[in-house]
>>> print(open('run.tsv').read())   # TSV, C-alpha atoms (C1' of nucleotides)
chain	number	residue	atom	x	y	z
Q	30	MET	CA	-14.87	27.74	9.92
Q	31	THR	CA	-17.48	28.78	7.44
Q	32	ARG	CA	-16.83	26.85	4.30
Q	33	ALA	CA	-18.87	26.48	1.17
Q	34	ALA	CA	-20.85	23.30	0.89
Q	35	GLY	CA	-19.12	21.88	-2.12
Q	36	THR	CA	-15.52	22.14	-1.08
Q	37	ARG	CA	-13.02	19.30	-1.19
Q	38	ALA	CA	-12.24	20.15	2.42
Q	39	PRO	CA	-11.70	17.20	4.75
Q	40	ALA	CA	-14.40	18.13	7.17
Q	41	SER	CA	-17.52	20.01	6.39
Q	42	ASP	CA	-19.41	21.61	9.19
Q	43	GLU	CA	-21.53	18.50	9.17
Q	44	ALA	CA	-18.92	16.90	11.37
Q	45	SER	CA	-19.69	19.39	14.11
Q	46	ALA	CA	-23.44	18.93	14.11
Q	47	ALA	CA	-23.06	16.10	16.56
Q	48	ALA	CA	-26.33	14.61	17.60
Q	49	GLU	CA	-28.86	14.69	14.83
Q	50	THR	CA	-27.66	15.16	11.30
Q	51	PRO	CA	-30.61	14.54	8.99
Q	52	GLY	CA	-30.82	10.92	8.03
Q	53	CYS	CA	-28.45	9.86	10.74
Q	54	GLY	CA	-30.46	8.98	13.79
Q	55	ASP	CA	-29.42	7.47	17.07
Q	56	THR	CA	-28.61	3.81	16.64
Q	57	GLY	CA	-28.18	2.52	20.11
Q	58	PHE	CA	-24.75	3.73	21.12
Q	59	GLY	CA	-26.19	5.23	24.24
Q	60	ALA	CA	-24.53	8.49	25.15
Q	61	TYR	CA	-21.51	7.91	22.95
Q	62	VAL	CA	-21.03	10.68	20.42
Q	63	VAL	CA	-17.91	10.30	18.32
Q	64	GLU	CA	-17.59	13.99	17.55
Q	65	ALA	CA	-17.38	14.80	21.25
Q	66	GLN	CA	-14.57	12.39	22.05
Q	67	ALA	CA	-11.06	13.57	22.83
Q	68	GLY	CA	-9.57	11.61	19.96
Q	69	PHE	CA	-11.87	13.04	17.34
Q	70	LEU	CA	-11.36	16.58	18.58
Q	71	LEU	CA	-7.61	16.15	18.78
Q	72	ARG	CA	-7.54	14.88	15.22
Q	73	ARG	CA	-9.59	17.80	13.95
Q	74	ALA	CA	-7.67	20.40	15.90
Q	75	HIS	CA	-4.45	18.91	14.58
Q	76	GLN	CA	-5.82	18.98	11.03
Q	77	ARG	CA	-6.81	22.59	11.39
Q	78	HIS	CA	-3.42	23.55	12.76
Q	79	ALA	CA	-1.68	21.79	9.88
Q	80	ALA	CA	-3.84	23.68	7.41
Q	81	LEU	CA	-3.10	27.00	9.10
Q	82	PHE	CA	0.58	26.15	9.18
Q	83	GLN	CA	0.74	25.35	5.50
Q	84	GLU	CA	-1.22	28.46	4.54
Q	85	MET	CA	0.70	30.88	6.73
Q	86	MET	CA	4.13	29.38	6.11
Q	87	GLY	CA	3.43	29.99	2.46
Q	88	ALA	CA	6.41	30.17	0.17
Q	89	ARG	CA	8.77	29.03	2.90
Q	90	ALA	CA	7.14	25.68	2.31
Q	91	LEU	CA	8.07	24.05	5.58
Q	92	THR	CA	5.77	21.45	7.05
Q	93	PRO	CA	5.21	21.45	10.81
Q	94	THR	CA	7.55	18.51	11.27
Q	95	GLN	CA	10.21	19.92	8.97
Q	96	PHE	CA	10.02	23.19	10.88
Q	97	THR	CA	10.33	21.46	14.24
Q	98	ALA	CA	13.29	19.41	13.06
Q	99	LEU	CA	15.06	22.44	11.61
Q	100	ILE	CA	14.56	24.48	14.77
Q	101	LYS	CA	15.89	21.65	16.89
Q	102	ILE	CA	18.95	21.28	14.69
Q	103	VAL	CA	19.66	24.99	14.99
Q	104	GLU	CA	19.16	24.91	18.75
Q	105	CYS	CA	21.51	21.97	19.10
Q	106	GLY	CA	24.07	23.22	16.63
Q	107	THR	CA	24.98	19.64	15.98
Q	108	VAL	CA	22.84	16.55	16.42
Q	109	THR	CA	22.57	12.95	15.52
Q	110	GLN	CA	19.58	11.89	13.49
Q	111	ASN	CA	17.90	9.62	16.01
Q	112	ARG	CA	18.53	12.03	18.84
Q	113	LEU	CA	16.94	14.74	16.75
Q	114	GLY	CA	13.99	12.43	16.29
Q	115	ARG	CA	13.60	12.08	20.03
Q	116	LEU	CA	13.84	15.81	20.57
Q	117	ALA	CA	11.27	16.45	17.86
Q	118	ALA	CA	9.02	13.54	18.84
Q	119	MET	CA	9.50	11.53	15.69
Q	120	ASP	CA	10.14	7.90	14.95
Q	121	PRO	CA	13.55	6.96	13.55
Q	122	ALA	CA	11.79	6.02	10.32
Q	123	THR	CA	9.92	9.31	10.25
Q	124	ILE	CA	12.83	11.57	11.10
Q	125	GLN	CA	14.81	9.83	8.38
Q	126	GLY	CA	12.46	11.08	5.71
Q	127	VAL	CA	12.18	14.54	7.24
Q	128	VAL	CA	15.95	14.97	7.37
Q	129	ARG	CA	16.36	13.61	3.86
Q	130	ARG	CA	14.00	16.30	2.54
Q	131	LEU	CA	15.72	19.05	4.55
Q	132	ILE	CA	19.06	17.95	3.10
Q	133	ALA	CA	17.60	17.81	-0.40
Q	134	ARG	CA	16.57	21.45	0.00
Q	135	GLY	CA	20.02	22.43	1.17
Q	136	LEU	CA	18.80	23.52	4.59
Q	137	VAL	CA	20.75	20.91	6.48
Q	138	GLN	CA	24.08	19.29	5.95
Q	139	ARG	CA	25.31	15.94	7.10
Q	140	ASP	CA	28.88	15.12	8.03
Q	141	SER	CA	30.33	11.86	9.15
Q	142	ASP	CA	31.27	11.56	12.80
Q	143	PRO	CA	34.86	10.38	13.34
Q	144	GLY	CA	33.97	9.28	16.86
Q	145	ASP	CA	31.10	6.99	15.87
Q	146	ARG	CA	30.96	5.36	12.49
Q	147	ARG	CA	27.27	4.53	12.83
Q	148	THR	CA	26.11	8.10	12.92
Q	149	HIS	CA	26.22	11.20	10.85
Q	150	VAL	CA	26.18	14.63	12.38
Q	151	LEU	CA	23.48	17.05	11.28
Q	152	ARG	CA	24.00	20.78	11.14
Q	153	ALA	CA	21.99	23.65	9.69
Q	154	SER	CA	23.37	25.27	6.57
Q	155	PRO	CA	23.50	29.09	6.36
Q	156	ALA	CA	20.35	28.94	4.25
Q	157	GLY	CA	18.75	26.71	6.84
Q	158	LEU	CA	19.67	29.06	9.65
Q	159	GLU	CA	18.29	32.03	7.78
Q	160	LEU	CA	15.06	30.21	6.95
Q	161	ALA	CA	14.75	29.10	10.56
Q	162	ARG	CA	14.87	32.68	11.77
Q	163	GLN	CA	12.19	33.79	9.36
Q	164	ALA	CA	10.07	30.76	10.11
Q	165	VAL	CA	10.13	31.31	13.85
Q	166	ALA	CA	8.53	34.71	13.41
Q	167	CYS	CA	5.93	33.14	11.19
Q	168	ALA	CA	5.37	30.24	13.55
Q	169	THR	CA	4.58	32.63	16.37
Q	170	GLU	CA	1.72	34.01	14.31
Q	171	ILE	CA	0.61	30.49	13.48
Q	172	THR	CA	0.33	29.69	17.16
Q	173	THR	CA	-1.72	32.82	17.67
Q	174	ALA	CA	-3.97	31.91	14.76
Q	175	THR	CA	-4.38	28.39	16.05
Q	176	LEU	CA	-5.52	29.64	19.44
Q	177	ALA	CA	-7.54	32.53	18.04
Q	178	PRO	CA	-10.94	30.93	18.69
Q	179	LEU	CA	-10.16	30.96	22.40
Q	180	ALA	CA	-10.50	34.02	24.59
Q	181	PRO	CA	-7.07	35.41	25.45
Q	182	GLU	CA	-7.32	34.31	29.06
Q	183	GLU	CA	-8.28	30.78	27.99
Q	184	ARG	CA	-5.17	30.23	25.90
Q	185	PRO	CA	-2.55	29.61	28.57
Q	186	LEU	CA	-5.07	27.45	30.41
Q	187	PHE	CA	-5.68	25.38	27.32
Q	188	LEU	CA	-1.98	24.96	26.61
Q	189	SER	CA	-1.41	23.94	30.20
Q	190	LEU	CA	-4.10	21.29	30.04
Q	191	LEU	CA	-2.96	20.09	26.63
Q	192	GLY	CA	0.58	19.86	27.93
Q	193	LYS	CA	-0.54	17.46	30.64
Q	194	LEU	CA	-1.67	15.02	27.97
Q	195	ILE	CA	1.99	14.49	27.31
O	1458	MET	CA	4.95	8.48	30.23
O	1459	THR	CA	7.99	6.87	31.73
O	1460	ARG	CA	9.79	5.11	28.98
O	1461	ALA	CA	13.20	3.52	28.82
O	1462	ALA	CA	15.87	5.55	27.13
O	1463	GLY	CA	16.56	3.18	24.29
O	1464	THR	CA	13.06	2.63	22.98
O	1465	ARG	CA	12.00	3.01	19.39
O	1466	ALA	CA	9.25	5.26	20.66
O	1467	PRO	CA	8.61	8.39	18.63
O	1468	ALA	CA	9.22	10.81	21.44
O	1469	SER	CA	11.49	10.28	24.36
O	1470	ASP	CA	11.01	12.40	27.40
O	1471	GLU	CA	13.72	14.58	25.98
O	1472	ALA	CA	11.06	16.27	23.94
O	1473	SER	CA	9.42	17.55	27.10
O	1474	ALA	CA	12.56	18.99	28.66
O	1475	ALA	CA	11.93	22.21	26.84
O	1476	ALA	CA	14.50	24.85	27.62
O	1477	GLU	CA	17.89	23.38	28.23
O	1478	THR	CA	18.62	19.89	26.99
O	1479	PRO	CA	22.35	19.28	27.38
O	1480	GLY	CA	24.19	20.35	24.32
O	1481	CYS	CA	21.26	22.28	22.98
O	1482	GLY	CA	21.54	25.85	24.15
O	1483	ASP	CA	19.55	28.91	23.29
O	1484	THR	CA	20.32	30.04	19.78
O	1485	GLY	CA	18.62	33.36	19.47
O	1486	PHE	CA	15.00	32.48	18.92
O	1487	GLY	CA	14.04	34.75	21.76
O	1488	ALA	CA	11.18	33.37	23.79
O	1489	TYR	CA	10.11	30.88	21.15
O	1490	VAL	CA	10.10	27.33	22.45
O	1491	VAL	CA	8.84	24.79	19.95
O	1492	GLU	CA	7.77	22.27	22.56
O	1493	ALA	CA	5.43	24.81	24.13
O	1494	GLN	CA	3.60	25.71	20.93
O	1495	ALA	CA	0.04	24.63	20.30
O	1496	GLY	CA	0.98	22.75	17.13
O	1497	PHE	CA	3.67	20.70	18.77
O	1498	LEU	CA	1.47	19.83	21.73
O	1499	LEU	CA	-1.45	18.95	19.48
O	1500	ARG	CA	0.75	16.65	17.45
O	1501	ARG	CA	2.07	14.90	20.54
O	1502	ALA	CA	-1.33	14.59	22.17
O	1503	HIS	CA	-2.69	13.18	18.95
O	1504	GLN	CA	0.19	10.72	18.74
O	1505	ARG	CA	-0.39	9.60	22.29
O	1506	HIS	CA	-4.09	9.12	21.68
O	1507	ALA	CA	-3.41	7.06	18.57
O	1508	ALA	CA	-1.02	4.85	20.54
O	1509	LEU	CA	-3.58	4.38	23.32
O	1510	PHE	CA	-6.24	3.65	20.75
O	1511	GLN	CA	-4.22	0.98	19.02
O	1512	GLU	CA	-3.18	-0.63	22.28
O	1513	MET	CA	-6.64	-0.67	23.85
O	1514	MET	CA	-8.52	-1.58	20.70
O	1515	GLY	CA	-6.28	-4.60	20.56
O	1516	ALA	CA	-7.52	-7.53	18.53
O	1517	ARG	CA	-10.42	-5.55	17.13
O	1518	ALA	CA	-7.71	-3.87	15.10
O	1519	LEU	CA	-9.62	-0.73	14.19
O	1520	THR	CA	-7.71	2.47	13.68
O	1521	PRO	CA	-9.22	5.71	15.00
O	1522	THR	CA	-10.34	6.73	11.52
O	1523	GLN	CA	-11.72	3.31	10.67
O	1524	PHE	CA	-13.61	3.34	13.94
O	1525	THR	CA	-15.04	6.79	13.30
O	1526	ALA	CA	-16.10	5.86	9.79
O	1527	LEU	CA	-17.72	2.63	10.93
O	1528	ILE	CA	-19.64	4.36	13.71
O	1529	LYS	CA	-20.85	7.00	11.31
O	1530	ILE	CA	-22.02	4.40	8.83
O	1531	VAL	CA	-23.95	2.60	11.56
O	1532	GLU	CA	-25.48	5.86	12.77
O	1533	CYS	CA	-26.56	6.78	9.27
O	1534	GLY	CA	-27.71	3.33	8.28
O	1535	THR	CA	-26.93	4.23	4.73
O	1536	VAL	CA	-24.45	6.81	3.44
O	1537	THR	CA	-22.60	7.89	0.41
O	1538	GLN	CA	-18.84	7.75	0.55
O	1539	ASN	CA	-18.05	11.45	0.24
O	1540	ARG	CA	-20.81	12.37	2.65
O	1541	LEU	CA	-19.36	9.90	5.11
O	1542	GLY	CA	-16.03	11.61	4.62
O	1543	ARG	CA	-17.55	14.94	5.57
O	1544	LEU	CA	-19.23	13.50	8.63
O	1545	ALA	CA	-16.01	11.85	9.74
O	1546	ALA	CA	-13.78	14.79	8.79
O	1547	MET	CA	-11.88	13.05	6.05
O	1548	ASP	CA	-10.80	14.00	2.56
O	1549	PRO	CA	-12.45	12.18	-0.35
O	1550	ALA	CA	-9.08	10.62	-1.07
O	1551	THR	CA	-8.66	9.58	2.54
O	1552	ILE	CA	-12.15	8.20	3.11
O	1553	GLN	CA	-11.74	6.20	-0.06
O	1554	GLY	CA	-8.91	4.19	1.43
O	1555	VAL	CA	-10.61	3.87	4.80
O	1556	VAL	CA	-13.80	2.52	3.24
O	1557	ARG	CA	-11.85	0.19	0.97
O	1558	ARG	CA	-10.20	-1.40	4.01
O	1559	LEU	CA	-13.48	-1.68	5.89
O	1560	ILE	CA	-15.02	-3.42	2.90
O	1561	ALA	CA	-11.99	-5.71	2.58
O	1562	ARG	CA	-12.58	-6.81	6.17
O	1563	GLY	CA	-16.23	-7.48	5.50
O	1564	LEU	CA	-17.40	-4.83	7.95
O	1565	VAL	CA	-19.07	-2.67	5.35
O	1566	GLN	CA	-20.90	-3.43	2.16
O	1567	ARG	CA	-21.36	-1.29	-0.86
O	1568	ASP	CA	-24.41	-1.32	-3.13
O	1569	SER	CA	-25.06	0.68	-6.22
O	1570	ASP	CA	-27.60	3.49	-5.94
O	1571	PRO	CA	-30.33	3.27	-8.61
O	1572	GLY	CA	-31.09	6.96	-8.09
O	1573	ASP	CA	-27.55	8.21	-8.75
O	1574	ARG	CA	-25.15	6.32	-10.94
O	1575	ARG	CA	-22.15	8.19	-9.60
O	1576	THR	CA	-22.48	6.94	-6.06
O	1577	HIS	CA	-22.48	3.72	-4.17
O	1578	VAL	CA	-24.37	3.33	-0.93
O	1579	LEU	CA	-22.44	2.17	2.10
O	1580	ARG	CA	-24.01	0.10	4.84
O	1581	ALA	CA	-22.61	-1.80	7.82
O	1582	SER	CA	-22.61	-5.58	7.55
O	1583	PRO	CA	-23.85	-7.63	10.52
O	1584	ALA	CA	-20.22	-8.23	11.46
O	1585	GLY	CA	-19.57	-4.52	11.17
O	1586	LEU	CA	-22.53	-3.70	13.38
O	1587	GLU	CA	-21.43	-6.18	16.01
O	1588	LEU	CA	-17.86	-4.91	15.96
O	1589	ALA	CA	-19.11	-1.34	16.20
O	1590	ARG	CA	-21.03	-2.13	19.38
O	1591	GLN	CA	-18.01	-3.73	21.01
O	1592	ALA	CA	-15.73	-0.96	19.84
O	1593	VAL	CA	-17.90	1.79	21.29
O	1594	ALA	CA	-17.52	0.30	24.75
O	1595	CYS	CA	-13.79	0.13	24.20
O	1596	ALA	CA	-13.63	3.64	22.80
O	1597	THR	CA	-15.26	5.02	25.91
O	1598	GLU	CA	-12.39	3.64	27.95
O	1599	ILE	CA	-9.92	5.02	25.43
O	1600	THR	CA	-11.34	8.50	25.93
O	1601	THR	CA	-11.00	8.06	29.68
O	1602	ALA	CA	-7.43	6.88	29.30
O	1603	THR	CA	-6.63	9.78	27.01
O	1604	LEU	CA	-7.88	12.29	29.54
O	1605	ALA	CA	-6.51	10.42	32.55
O	1606	PRO	CA	-3.63	12.84	33.18
O	1607	LEU	CA	-6.20	15.58	33.81
O	1608	ALA	CA	-8.06	15.99	37.07
O	1609	PRO	CA	-11.68	14.88	36.65
O	1610	GLU	CA	-12.98	18.43	36.88
O	1611	GLU	CA	-10.51	19.59	34.23
O	1612	ARG	CA	-11.71	17.12	31.60
O	1613	PRO	CA	-14.95	18.74	30.46
O	1614	LEU	CA	-13.20	22.10	30.52
O	1615	PHE	CA	-10.44	20.80	28.32
O	1616	LEU	CA	-12.85	19.20	25.88
O	1617	SER	CA	-14.83	22.41	25.72
O	1618	LEU	CA	-11.74	24.46	24.92
O	1619	LEU	CA	-10.49	21.90	22.43
O	1620	GLY	CA	-13.89	21.90	20.76
O	1621	LYS	CA	-13.60	25.62	20.16
O	1622	LEU	CA	-10.55	25.03	18.02
O	1623	ILE	CA	-12.94	23.56	15.49
U	164	DC	C1'	-33.65	20.72	-23.62
U	165	DA	C1'	-29.06	22.17	-23.92
U	166	DG	C1'	-25.06	23.64	-21.77
U	167	DG	C1'	-22.47	25.11	-17.80
U	168	DG	C1'	-21.52	24.29	-13.22
U	169	DA	C1'	-21.43	21.22	-9.35
U	170	DT	C1'	-20.83	16.65	-7.25
U	171	DT	C1'	-19.01	11.86	-6.91
U	172	DG	C1'	-15.56	8.82	-6.75
U	173	DT	C1'	-10.75	7.58	-8.37
U	174	DT	C1'	-5.88	8.04	-9.01
U	175	DC	C1'	-1.29	10.04	-8.40
U	176	DG	C1'	2.17	12.29	-5.81
U	177	DT	C1'	3.94	13.83	-1.49
U	178	DA	C1'	4.40	13.90	3.58
U	179	DT	C1'	3.75	12.25	8.15
U	180	DA	C1'	3.51	8.11	11.38
U	181	DC	C1'	4.74	3.70	13.13
U	182	DA	C1'	5.80	-1.48	13.44
U	183	DA	C1'	9.09	-4.73	12.24
U	184	DA	C1'	13.18	-6.41	10.37
U	185	DT	C1'	17.98	-5.65	9.24
U	186	DA	C1'	23.14	-4.50	9.08
U	187	DA	C1'	26.72	-1.97	11.10
U	188	DT	C1'	28.75	-0.40	14.94
U	189	DT	C1'	29.40	0.70	19.77
U	190	DA	C1'	28.93	-0.27	24.75
U	191	DT	C1'	28.77	-3.32	28.56
U	192	DC	C1'	29.72	-6.97	31.36
U	193	DC	C1'	31.61	-11.20	32.80
I	605	DG	C1'	38.98	-9.64	25.50
I	606	DG	C1'	35.19	-11.70	23.78
I	607	DA	C1'	30.16	-12.62	23.92
I	608	DT	C1'	26.11	-10.09	24.54
I	609	DA	C1'	23.37	-6.17	24.65
I	610	DA	C1'	22.27	-1.72	23.00
I	611	DT	C1'	22.25	1.93	19.65
I	612	DT	C1'	22.19	3.99	14.89
I	613	DA	C1'	20.34	4.33	10.65
I	614	DT	C1'	17.80	2.14	6.81
I	615	DT	C1'	14.22	-0.31	4.50
I	616	DT	C1'	9.61	-2.26	3.81
I	617	DG	C1'	4.81	-2.31	4.54
I	618	DT	C1'	0.63	-0.20	6.10
I	619	DA	C1'	-2.38	3.75	7.28
I	620	DT	C1'	-3.69	8.47	7.55
I	621	DA	C1'	-3.83	13.14	5.18
I	622	DC	C1'	-4.21	16.31	1.48
I	623	DG	C1'	-3.59	18.76	-3.15
I	624	DA	C1'	-4.46	18.21	-7.87
I	625	DA	C1'	-6.30	16.32	-11.83
I	626	DC	C1'	-9.69	13.37	-13.97
I	627	DA	C1'	-14.09	11.06	-16.04
I	628	DA	C1'	-18.74	10.20	-15.16
I	629	DT	C1'	-22.81	11.91	-13.78
I	630	DC	C1'	-26.04	15.00	-11.87
I	631	DC	C1'	-28.38	19.57	-11.32
I	632	DC	C1'	-29.86	23.98	-12.62
I	633	DT	C1'	-30.76	27.69	-15.33
I	634	DG	C1'	-31.67	29.91	-19.45
>>> encode(input="run.tsv", output="structure tokens")
Amino acid sequence: MTRAAGTRAPASDEASAAAETPGCGDTGFGAYVVEAQAGFLLRRAHQRHAALFQEMMGARALTPTQFTALIKIVECGTVTQNRLGRLAAMDPATIQGVVRRLIARGLVQRDSDPGDRRTHVLRASPAGLELARQAVACATEITTATLAPLAPEERPLFLSLLGKLI
Amino acid sequence: MTRAAGTRAPASDEASAAAETPGCGDTGFGAYVVEAQAGFLLRRAHQRHAALFQEMMGARALTPTQFTALIKIVECGTVTQNRLGRLAAMDPATIQGVVRRLIARGLVQRDSDPGDRRTHVLRASPAGLELARQAVACATEITTATLAPLAPEERPLFLSLLGKLI
DNA sequence: CAGGGATTGTTCGTATACAAATAATTATCC
DNA sequence: GGATAATTATTTGTATACGAACAATCCCTG
């Protein structure tokens, strides 16, 4: 994470220099250091992963959520939109937009369900299936890159702890 | 994380039942399981933290980013907007909106800098300072709640590993 | 001191993320 | 079988998050 000083990047290394950044002294918050809190670190780690994902996914141009949704659709073969949202951990309002963009790119198709007139059935198109296969290979490298700062033996431990945070 | 089946919640427990959700068989992705990847877990952990934050911050109605920005302003006494963004790990475009909302709530004030006509100097208002003090106490509990699923001895370890992911 | 490069803040467009409200439909229960 | 509850999908509004482009200003170097 060595970045030039004048970048438009979201977080300069200043954000890691917890305690005493010049001009920013202690102001009576006791031992509370924002940069050391779980929430702050989760946000930054998530930011970094998203950046890695975008960079490494490259021309495939899938966002993390689009990728997750597409994979889940392929795994299910056929899903309903809200159920897909639950599988992919997305709000009905959020999954709506994600699916709309996947359909707009021709990666997913949507058929009406004769058994339930409320829903539409989602299914991956051939192009979507092909892209999914390529993306999975790429995503494996993205996971590796995300965990790269950890020693190999720390990685499963970290994932196990992270997984407990539901 | 025991939630009723029909909630509007972003992620039902279905999203944790990795391998074999009924109707969603293996479709040739080999050993790749989305729900076990670092990115997916980071996104969910971040979501959960944000939900805890909103719930526990309650009437104070600060979002995690607003809280971070406010704390950083108080710590610095006086900051420039972009510099604040770097300290709080936010894009210039993002910090702009965060600061605008803090100003709209009267928690932060903005004065022009005679030494540099590009910038404005940010400073916490008395109300902002008071809210910051209350919020820090609350945020400490939020961190505890976030890490609650971990055994006490696992918590510093987890934070240390998470911190390595920059 | 002049001119090029860097920095600051803003705006626009896109993509999550979620609460809340809504209409349409299905499921349940008395 | 009919009222009620639940579910599905959509829409609106708000809040991150970031790339890209921009004008104003500063800084530095020649």
>>> closest_atom_pairs(input="run.tsv", of="chain Q", to="chain U", cutoff="7 Å", atoms="all atoms listed in the file", output="JSON lines")
{"residue": "Q:Thr123", "atom": "CA", "partner": "U:DA180", "partner_atom": "C1'", "distance": 6.6}
{"residue": "Q:Arg146", "atom": "CA", "partner": "U:DT188", "partner_atom": "C1'", "distance": 6.6}
{"residue": "Q:Arg147", "atom": "CA", "partner": "U:DT188", "partner_atom": "C1'", "distance": 5.6}
>>> atom_distance(input="run.tsv", atom1="atom CA of Thr1520 of chain O", atom2="atom CA of Gly192 of chain Q")
24.0 Å
>>> interface_residues(input="run.tsv", of="chain I", to="chain O", cutoff="10 Å", atoms="all atoms listed in the file", output="VMD selection string")
chain I and resid 610 to 611 619 to 622 628 to 630
>>> interface_residues(input="run.tsv", of="chain Q", to="chain O", cutoff="6 Å", atoms="all atoms listed in the file", output="JSON, numbers by chain")
{"Q": [39, 40, 41, 43, 44, 53, 54, 56, 67, 71, 74, 75, 104, 105, 115, 116, 118, 119, 120, 172, 178, 194]}
>>> write_last_selection(input="run.tsv", atoms="C-alpha atoms", output="tab-separated table (two decimals), in the frame of the given file")
chain	number	residue	atom	x	y	z
Q	39	PRO	CA	-11.70	17.20	4.75
Q	40	ALA	CA	-14.40	18.13	7.17
Q	41	SER	CA	-17.52	20.01	6.39
Q	43	GLU	CA	-21.53	18.50	9.17
Q	44	ALA	CA	-18.92	16.90	11.37
Q	53	CYS	CA	-28.45	9.86	10.74
Q	54	GLY	CA	-30.46	8.98	13.79
Q	56	THR	CA	-28.61	3.81	16.64
Q	67	ALA	CA	-11.06	13.57	22.83
Q	71	LEU	CA	-7.61	16.15	18.78
Q	74	ALA	CA	-7.67	20.40	15.90
Q	75	HIS	CA	-4.45	18.91	14.58
Q	104	GLU	CA	19.16	24.91	18.75
Q	105	CYS	CA	21.51	21.97	19.10
Q	115	ARG	CA	13.60	12.08	20.03
Q	116	LEU	CA	13.84	15.81	20.57
Q	118	ALA	CA	9.02	13.54	18.84
Q	119	MET	CA	9.50	11.53	15.69
Q	120	ASP	CA	10.14	7.90	14.95
Q	172	THR	CA	0.33	29.69	17.16
Q	178	PRO	CA	-10.94	30.93	18.69
Q	194	LEU	CA	-1.67	15.02	27.97
>>> axis_aligned_box(input="run.tsv", around="segment 182-191 of chain Q", padding_each_side="6 Å", output="lines of an AutoDock Vina configuration file")
center_x = -4.8
center_y = 27.2
center_z = 28.2
size_x = 18.9
size_y = 26.2
size_z = 16.5
>>> atom_distance(input="run.tsv", atom1="atom CA of Leu1588 of chain O", atom2="atom CA of Ala1518 of chain O")
10.2 Å
>>> atom_distance(input="run.tsv", atom1="atom C1' of DA613 of chain I", atom2="atom CA of Asp140 of chain Q")
14.0 Å
